[in-house]
Structure formats: structure tokens, C-alpha cells
$ cat run08.cif   # mmCIF, C-alpha atoms
data_query
loop_
_atom_site.group_PDB
_atom_site.id
_atom_site.type_symbol
_atom_site.label_atom_id
_atom_site.label_comp_id
_atom_site.auth_asym_id
_atom_site.auth_seq_id
_atom_site.Cartn_x
_atom_site.Cartn_y
_atom_site.Cartn_z
ATOM 1 C CA THR A 1 -3.370 15.940 31.334
ATOM 2 C CA VAL A 2 -2.160 13.841 28.443
ATOM 3 C CA MET A 3 -3.885 12.517 25.360
ATOM 4 C CA THR A 4 -2.670 10.105 22.720
ATOM 5 C CA LEU A 5 -3.547 10.049 19.031
ATOM 6 C CA ASP A 6 -4.146 7.045 16.858
ATOM 7 C CA ARG A 7 -2.423 8.181 13.673
ATOM 8 C CA GLU A 8 -4.205 5.539 11.591
ATOM 9 C CA THR A 9 -7.579 6.893 12.705
ATOM 10 C CA THR A 10 -6.828 10.625 12.825
ATOM 11 C CA GLY A 11 -3.973 11.026 10.351
ATOM 12 C CA LEU A 12 -2.426 13.402 12.887
ATOM 13 C CA LYS A 13 0.861 13.600 14.759
ATOM 14 C CA PRO A 14 1.024 15.306 18.155
ATOM 15 C CA MET A 15 2.734 18.390 16.682
ATOM 16 C CA ASP A 16 -0.161 18.819 14.218
ATOM 17 C CA VAL A 17 -2.546 19.200 17.151
ATOM 18 C CA ILE A 18 -0.110 21.280 19.200
ATOM 19 C CA ASP A 19 0.329 23.721 16.297
ATOM 20 C CA GLU A 20 -3.430 24.079 15.803
ATOM 21 C CA LEU A 21 -4.024 24.600 19.517
ATOM 22 C CA SER A 22 -1.304 27.257 19.496
ATOM 23 C CA LYS A 23 -3.155 29.133 16.737
ATOM 24 C CA ASN A 24 -6.025 29.341 19.206
ATOM 25 C CA ASN A 25 -3.755 30.595 21.998
ATOM 26 C CA ILE A 26 -3.803 27.238 23.786
ATOM 27 C CA GLU A 27 -0.436 26.043 25.015
ATOM 28 C CA ALA A 28 0.242 22.329 24.661
ATOM 29 C CA ARG A 29 3.495 20.390 24.388
ATOM 30 C CA PRO A 30 4.840 16.955 23.513
ATOM 31 C CA VAL A 31 5.080 14.441 26.328
ATOM 32 C CA TRP A 32 8.460 14.107 28.019
ATOM 33 C CA LYS A 33 11.033 12.130 26.083
ATOM 34 C CA PRO A 34 11.630 8.768 27.763
ATOM 35 C CA MET A 35 14.946 8.605 29.580
ATOM 36 C CA HIS A 36 16.226 5.650 27.563
ATOM 37 C CA LEU A 37 15.894 7.755 24.372
ATOM 38 C CA GLN A 38 17.894 10.691 25.730
ATOM 39 C CA PRO A 39 21.516 10.952 24.561
ATOM 40 C CA VAL A 40 22.909 11.023 28.097
ATOM 41 C CA PHE A 41 21.562 7.502 28.679
ATOM 42 C CA GLN A 42 22.731 5.948 25.413
ATOM 43 C CA GLY A 43 24.701 2.825 26.079
ATOM 44 C CA TYR A 44 22.801 1.962 29.250
ATOM 45 C CA PRO A 45 20.421 -0.988 29.339
ATOM 46 C CA PHE A 46 16.701 -0.435 28.912
ATOM 47 C CA PHE A 47 14.311 -2.729 30.751
ATOM 48 C CA SER A 48 10.689 -3.012 29.694
ATOM 49 C CA ALA A 49 7.836 -4.774 31.424
ATOM 50 C CA LYS A 50 7.683 -7.234 28.545
ATOM 51 C CA GLU A 51 10.405 -8.207 26.064
ATOM 52 C CA GLY A 52 10.188 -6.070 22.930
ATOM 53 C CA LEU A 53 7.474 -3.799 24.340
ATOM 54 C CA ASP A 54 8.430 -0.129 24.656
ATOM 55 C CA ILE A 55 5.276 1.611 25.840
ATOM 56 C CA SER A 56 7.018 4.844 26.828
ATOM 57 C CA SER A 57 8.351 5.332 23.287
ATOM 58 C CA ARG A 58 4.868 4.796 21.889
ATOM 59 C CA PHE A 59 3.477 7.425 24.266
ATOM 60 C CA PHE A 60 6.268 9.800 23.242
ATOM 61 C CA GLU A 61 5.416 9.320 19.565
ATOM 62 C CA THR A 62 1.643 9.627 19.958
ATOM 63 C CA GLY A 63 1.069 11.787 23.039
ATOM 64 C CA LEU A 64 0.701 15.438 23.876
ATOM 65 C CA CYS A 65 0.220 17.335 27.118
ATOM 66 C CA LEU A 66 -2.802 19.582 27.293
ATOM 67 C CA PRO A 67 -3.136 22.570 29.611
ATOM 68 C CA SER A 68 -3.867 21.636 33.200
ATOM 69 C CA GLY A 69 -3.538 23.056 36.631
ATOM 70 C CA SER A 70 -5.602 24.275 39.525
ATOM 71 C CA SER A 71 -6.034 27.710 37.927
ATOM 72 C CA LEU A 72 -7.595 26.305 34.730
ATOM 73 C CA GLY A 73 -11.267 27.193 35.006
ATOM 74 C CA VAL A 74 -14.218 25.261 33.611
ATOM 75 C CA GLU A 75 -14.611 27.689 30.686
ATOM 76 C CA ASP A 76 -10.951 27.261 29.746
ATOM 77 C CA GLN A 77 -11.260 23.490 30.031
ATOM 78 C CA GLU A 78 -14.279 23.523 27.719
ATOM 79 C CA ARG A 79 -12.409 25.681 25.198
ATOM 80 C CA VAL A 80 -9.455 23.267 25.160
ATOM 81 C CA ILE A 81 -11.845 20.358 24.668
ATOM 82 C CA GLN A 82 -13.798 22.058 21.882
ATOM 83 C CA VAL A 83 -10.718 23.197 19.947
ATOM 84 C CA SER A 84 -9.134 19.746 20.346
ATOM 85 C CA LYS A 85 -12.289 18.119 18.987
ATOM 86 C CA GLN A 86 -12.348 20.541 16.038
ATOM 87 C CA VAL A 87 -8.712 19.814 15.176
ATOM 88 C CA ILE A 88 -9.216 16.073 15.316
ATOM 89 C CA SER A 89 -12.517 16.095 13.419
ATOM 90 C CA LYS A 90 -10.929 18.092 10.544
ATOM 91 C CA SER A 91 -8.513 15.253 9.892
#

$ encode --input "run08.cif" --output "C-alpha cells"
Amino acid sequence: TVMTLDRETTGLKPMDVIDELSKNNIEARPVWKPMHLQPVFQGYPFFSAKEGLDISSRFFETGLCLPSGSSLGVEDQERVIQVSKQVISKS
């Protein structure tokens, strides 16, 4: 489960939200770094769907992974949602 933040609207970076969720004992993490940005792939060509458009980098810069999984109950889901809303509304 991934969400993205509009920094112009919220004033937040993903790590701002991740840190606040952590204070509430909710584990979240940044989205995976796109392969073309990883050092091991430097020097290899990068192909995007449209010239000059790098959607995966934008997701990496604005996205975070929220808790998910088959063991995450409805109450836990609601808590993640409520804390996320509180963090974003404080901005």
C-alpha cells in the first residue's frame, strides 16, 4: 500500500510522515529506489515511456509505503488512516 504526497499542498516529504507514524508505533518506509538510480546501474541507459518523463523517480521522491498485509486487521487499518490524516492535516 503506497501513498504519494504533494509537497506543494502538504509541505511534507515522505520521511516527515514516516517519522510521525513511527512515533505512533506504525512502521512505514520509503518506496523502493528505482533501479536506474541505483549505483550498480549507473552508466546503463534508462528508457522511459515518454521522453523526459521519469515517473518512477517522482514516486521515489514523493511516495511512502504504509503497513499492509493479510494480518493487518480493520482496527489497525483505521489507526494507520487516522494517524496519517492527523500528520497531513497538521502541515

$ closest_residue --input "run08.cif" --among "A:Ser71, A:Thr1, A:Ser57, A:Gln86" --to "Ala28 (chain A)" --atoms "all atoms listed in the file"
A:Thr1

$ residues_near_point --input "run08.cif" --point "(8.8, 10.1, 28.0)" --cutoff "6 Å" --atoms "all atoms listed in the file" --output "list in words"
Val31, Trp32, Lys33, Pro34, Ser56 and Phe60 of chain A

$ closest_residue --input "run08.cif" --among "A:Val40, A:Arg29, A:Gly69, A:Ala49" --to "Met3 (chain A)" --atoms "only C-alpha atoms"
A:Arg29

$ atom_distance --input "run08.cif" --atom1 "CA of Leu64 (chain A)" --atom2 "CA of Tyr44 (chain A)"
26.4 Å

$ residues_around --input "run08.cif" --residues "Val2 (chain A)" --least-positions-apart "3" --cutoff "7 Å" --atoms "all atoms listed in the file" --output "MDAnalysis selection string"
chainID A and resid 63:66

$ decode --input "run08.cif" --residues "chain A" --atoms "C-alpha atoms" --output "PDB file, in the first residue's frame"
ATOM      1  CA  THR A   1       0.000   0.000   0.000  1.00  0.00           C
ATOM      2  CA  VAL A   2       1.647   3.165  -1.220  1.00  0.00           C
ATOM      3  CA  MET A   3       0.679   6.802  -0.963  1.00  0.00           C
ATOM      4  CA  THR A   4       2.216   9.864  -2.555  1.00  0.00           C
ATOM      5  CA  LEU A   5       2.408  13.379  -1.144  1.00  0.00           C
ATOM      6  CA  ASP A   6       2.005  16.622  -2.995  1.00  0.00           C
ATOM      7  CA  ARG A   7       4.698  18.688  -1.298  1.00  0.00           C
ATOM      8  CA  GLU A   8       3.201  21.950  -2.565  1.00  0.00           C
ATOM      9  CA  THR A   9      -0.112  21.113  -0.898  1.00  0.00           C
ATOM     10  CA  THR A  10       1.116  19.399   2.274  1.00  0.00           C
ATOM     11  CA  GLY A  11       4.577  20.882   2.790  1.00  0.00           C
ATOM     12  CA  LEU A  12       5.684  17.364   3.717  1.00  0.00           C
ATOM     13  CA  LYS A  13       8.308  14.933   2.470  1.00  0.00           C
ATOM     14  CA  PRO A  14       7.763  11.185   2.831  1.00  0.00           C
ATOM     15  CA  MET A  15      10.252  10.959   5.723  1.00  0.00           C
ATOM     16  CA  ASP A  16       8.258  13.597   7.646  1.00  0.00           C
ATOM     17  CA  VAL A  17       5.231  11.302   7.574  1.00  0.00           C
ATOM     18  CA  ILE A  18       7.275   8.154   8.183  1.00  0.00           C
ATOM     19  CA  ASP A  19       8.864   9.722  11.281  1.00  0.00           C
ATOM     20  CA  GLU A  20       5.488  10.796  12.680  1.00  0.00           C
ATOM     21  CA  LEU A  21       3.962   7.379  12.039  1.00  0.00           C
ATOM     22  CA  SER A  22       6.939   5.807  13.806  1.00  0.00           C
ATOM     23  CA  LYS A  23       6.232   7.934  16.893  1.00  0.00           C
ATOM     24  CA  ASN A  24       2.848   6.223  16.938  1.00  0.00           C
ATOM     25  CA  ASN A  25       4.406   2.763  16.584  1.00  0.00           C
ATOM     26  CA  ILE A  26       3.365   2.473  12.937  1.00  0.00           C
ATOM     27  CA  GLU A  27       6.040   1.145  10.622  1.00  0.00           C
ATOM     28  CA  ALA A  28       6.236   2.769   7.201  1.00  0.00           C
ATOM     29  CA  ARG A  29       9.112   3.103   4.746  1.00  0.00           C
ATOM     30  CA  PRO A  30      10.127   4.950   1.595  1.00  0.00           C
ATOM     31  CA  VAL A  31       9.197   3.351  -1.704  1.00  0.00           C
ATOM     32  CA  TRP A  32      11.881   1.271  -3.396  1.00  0.00           C
ATOM     33  CA  LYS A  33      14.572   3.252  -5.158  1.00  0.00           C
ATOM     34  CA  PRO A  34      14.173   2.929  -8.929  1.00  0.00           C
ATOM     35  CA  MET A  35      16.787   0.682 -10.493  1.00  0.00           C
ATOM     36  CA  HIS A  36      18.130   3.381 -12.805  1.00  0.00           C
ATOM     37  CA  LEU A  37      19.018   5.496  -9.729  1.00  0.00           C
ATOM     38  CA  GLN A  38      20.968   2.725  -8.002  1.00  0.00           C
ATOM     39  CA  PRO A  39      24.770   2.933  -8.241  1.00  0.00           C
ATOM     40  CA  VAL A  40      25.113  -0.555  -9.711  1.00  0.00           C
ATOM     41  CA  PHE A  41      23.153   0.567 -12.786  1.00  0.00           C
ATOM     42  CA  GLN A  42      24.948   3.866 -13.374  1.00  0.00           C
ATOM     43  CA  GLY A  43      26.170   4.080 -16.914  1.00  0.00           C
ATOM     44  CA  TYR A  44      23.353   1.956 -18.315  1.00  0.00           C
ATOM     45  CA  PRO A  45      20.635   3.510 -20.455  1.00  0.00           C
ATOM     46  CA  PHE A  46      17.307   4.440 -18.910  1.00  0.00           C
ATOM     47  CA  PHE A  47      14.188   4.170 -21.043  1.00  0.00           C
ATOM     48  CA  SER A  48      11.005   5.970 -20.069  1.00  0.00           C
ATOM     49  CA  ALA A  49       7.556   5.685 -21.569  1.00  0.00           C
ATOM     50  CA  LYS A  50       7.853   9.259 -22.794  1.00  0.00           C
ATOM     51  CA  GLU A  51      10.987  11.309 -23.494  1.00  0.00           C
ATOM     52  CA  GLY A  52      11.973  13.337 -20.436  1.00  0.00           C
ATOM     53  CA  LEU A  53       9.338  11.743 -18.194  1.00  0.00           C
ATOM     54  CA  ASP A  54      10.697   9.835 -15.194  1.00  0.00           C
ATOM     55  CA  ILE A  55       7.629   8.740 -13.254  1.00  0.00           C
ATOM     56  CA  SER A  56       9.481   6.238 -11.068  1.00  0.00           C
ATOM     57  CA  SER A  57      11.810   8.957  -9.746  1.00  0.00           C
ATOM     58  CA  ARG A  58       8.817  11.134  -8.919  1.00  0.00           C
ATOM     59  CA  PHE A  59       7.220   8.260  -6.999  1.00  0.00           C
ATOM     60  CA  PHE A  60      10.504   7.685  -5.164  1.00  0.00           C
ATOM     61  CA  GLU A  61      10.653  11.349  -4.149  1.00  0.00           C
ATOM     62  CA  THR A  62       7.010  11.648  -3.093  1.00  0.00           C
ATOM     63  CA  GLY A  63       5.921   8.158  -2.035  1.00  0.00           C
ATOM     64  CA  LEU A  64       5.875   6.061   1.089  1.00  0.00           C
ATOM     65  CA  CYS A  65       4.791   2.510   1.832  1.00  0.00           C
ATOM     66  CA  LEU A  66       2.206   2.096   4.545  1.00  0.00           C
ATOM     67  CA  PRO A  67       1.681  -1.081   6.557  1.00  0.00           C
ATOM     68  CA  SER A  68      -0.155  -3.791   4.668  1.00  0.00           C
ATOM     69  CA  GLY A  69      -0.593  -7.493   4.716  1.00  0.00           C
ATOM     70  CA  SER A  70      -3.182 -10.144   5.342  1.00  0.00           C
ATOM     71  CA  SER A  71      -2.639  -9.957   9.111  1.00  0.00           C
ATOM     72  CA  LEU A  72      -3.432  -6.219   9.293  1.00  0.00           C
ATOM     73  CA  GLY A  73      -6.862  -6.061  10.893  1.00  0.00           C
ATOM     74  CA  VAL A  74      -9.555  -3.453  10.320  1.00  0.00           C
ATOM     75  CA  GLU A  75      -8.752  -1.691  13.615  1.00  0.00           C
ATOM     76  CA  ASP A  76      -5.080  -1.428  12.662  1.00  0.00           C
ATOM     77  CA  GLN A  77      -6.008  -0.154   9.210  1.00  0.00           C
ATOM     78  CA  GLU A  78      -8.221   2.528  10.752  1.00  0.00           C
ATOM     79  CA  ARG A  79      -5.423   3.570  13.117  1.00  0.00           C
ATOM     80  CA  VAL A  80      -2.966   3.940  10.223  1.00  0.00           C
ATOM     81  CA  ILE A  81      -5.524   6.001   8.321  1.00  0.00           C
ATOM     82  CA  GLN A  82      -6.347   8.243  11.282  1.00  0.00           C
ATOM     83  CA  VAL A  83      -2.716   8.908  12.231  1.00  0.00           C
ATOM     84  CA  SER A  84      -1.832   9.568   8.576  1.00  0.00           C
ATOM     85  CA  LYS A  85      -4.685  12.067   8.318  1.00  0.00           C
ATOM     86  CA  GLN A  86      -3.559  13.785  11.534  1.00  0.00           C
ATOM     87  CA  VAL A  87       0.024  14.099  10.288  1.00  0.00           C
ATOM     88  CA  ILE A  88      -1.044  15.531   6.961  1.00  0.00           C
ATOM     89  CA  SER A  89      -3.641  17.902   8.419  1.00  0.00           C
ATOM     90  CA  LYS A  90      -1.036  19.383  10.827  1.00  0.00           C
ATOM     91  CA  SER A  91       1.020  20.579   7.884  1.00  0.00           C
TER      92      SER A  91
END
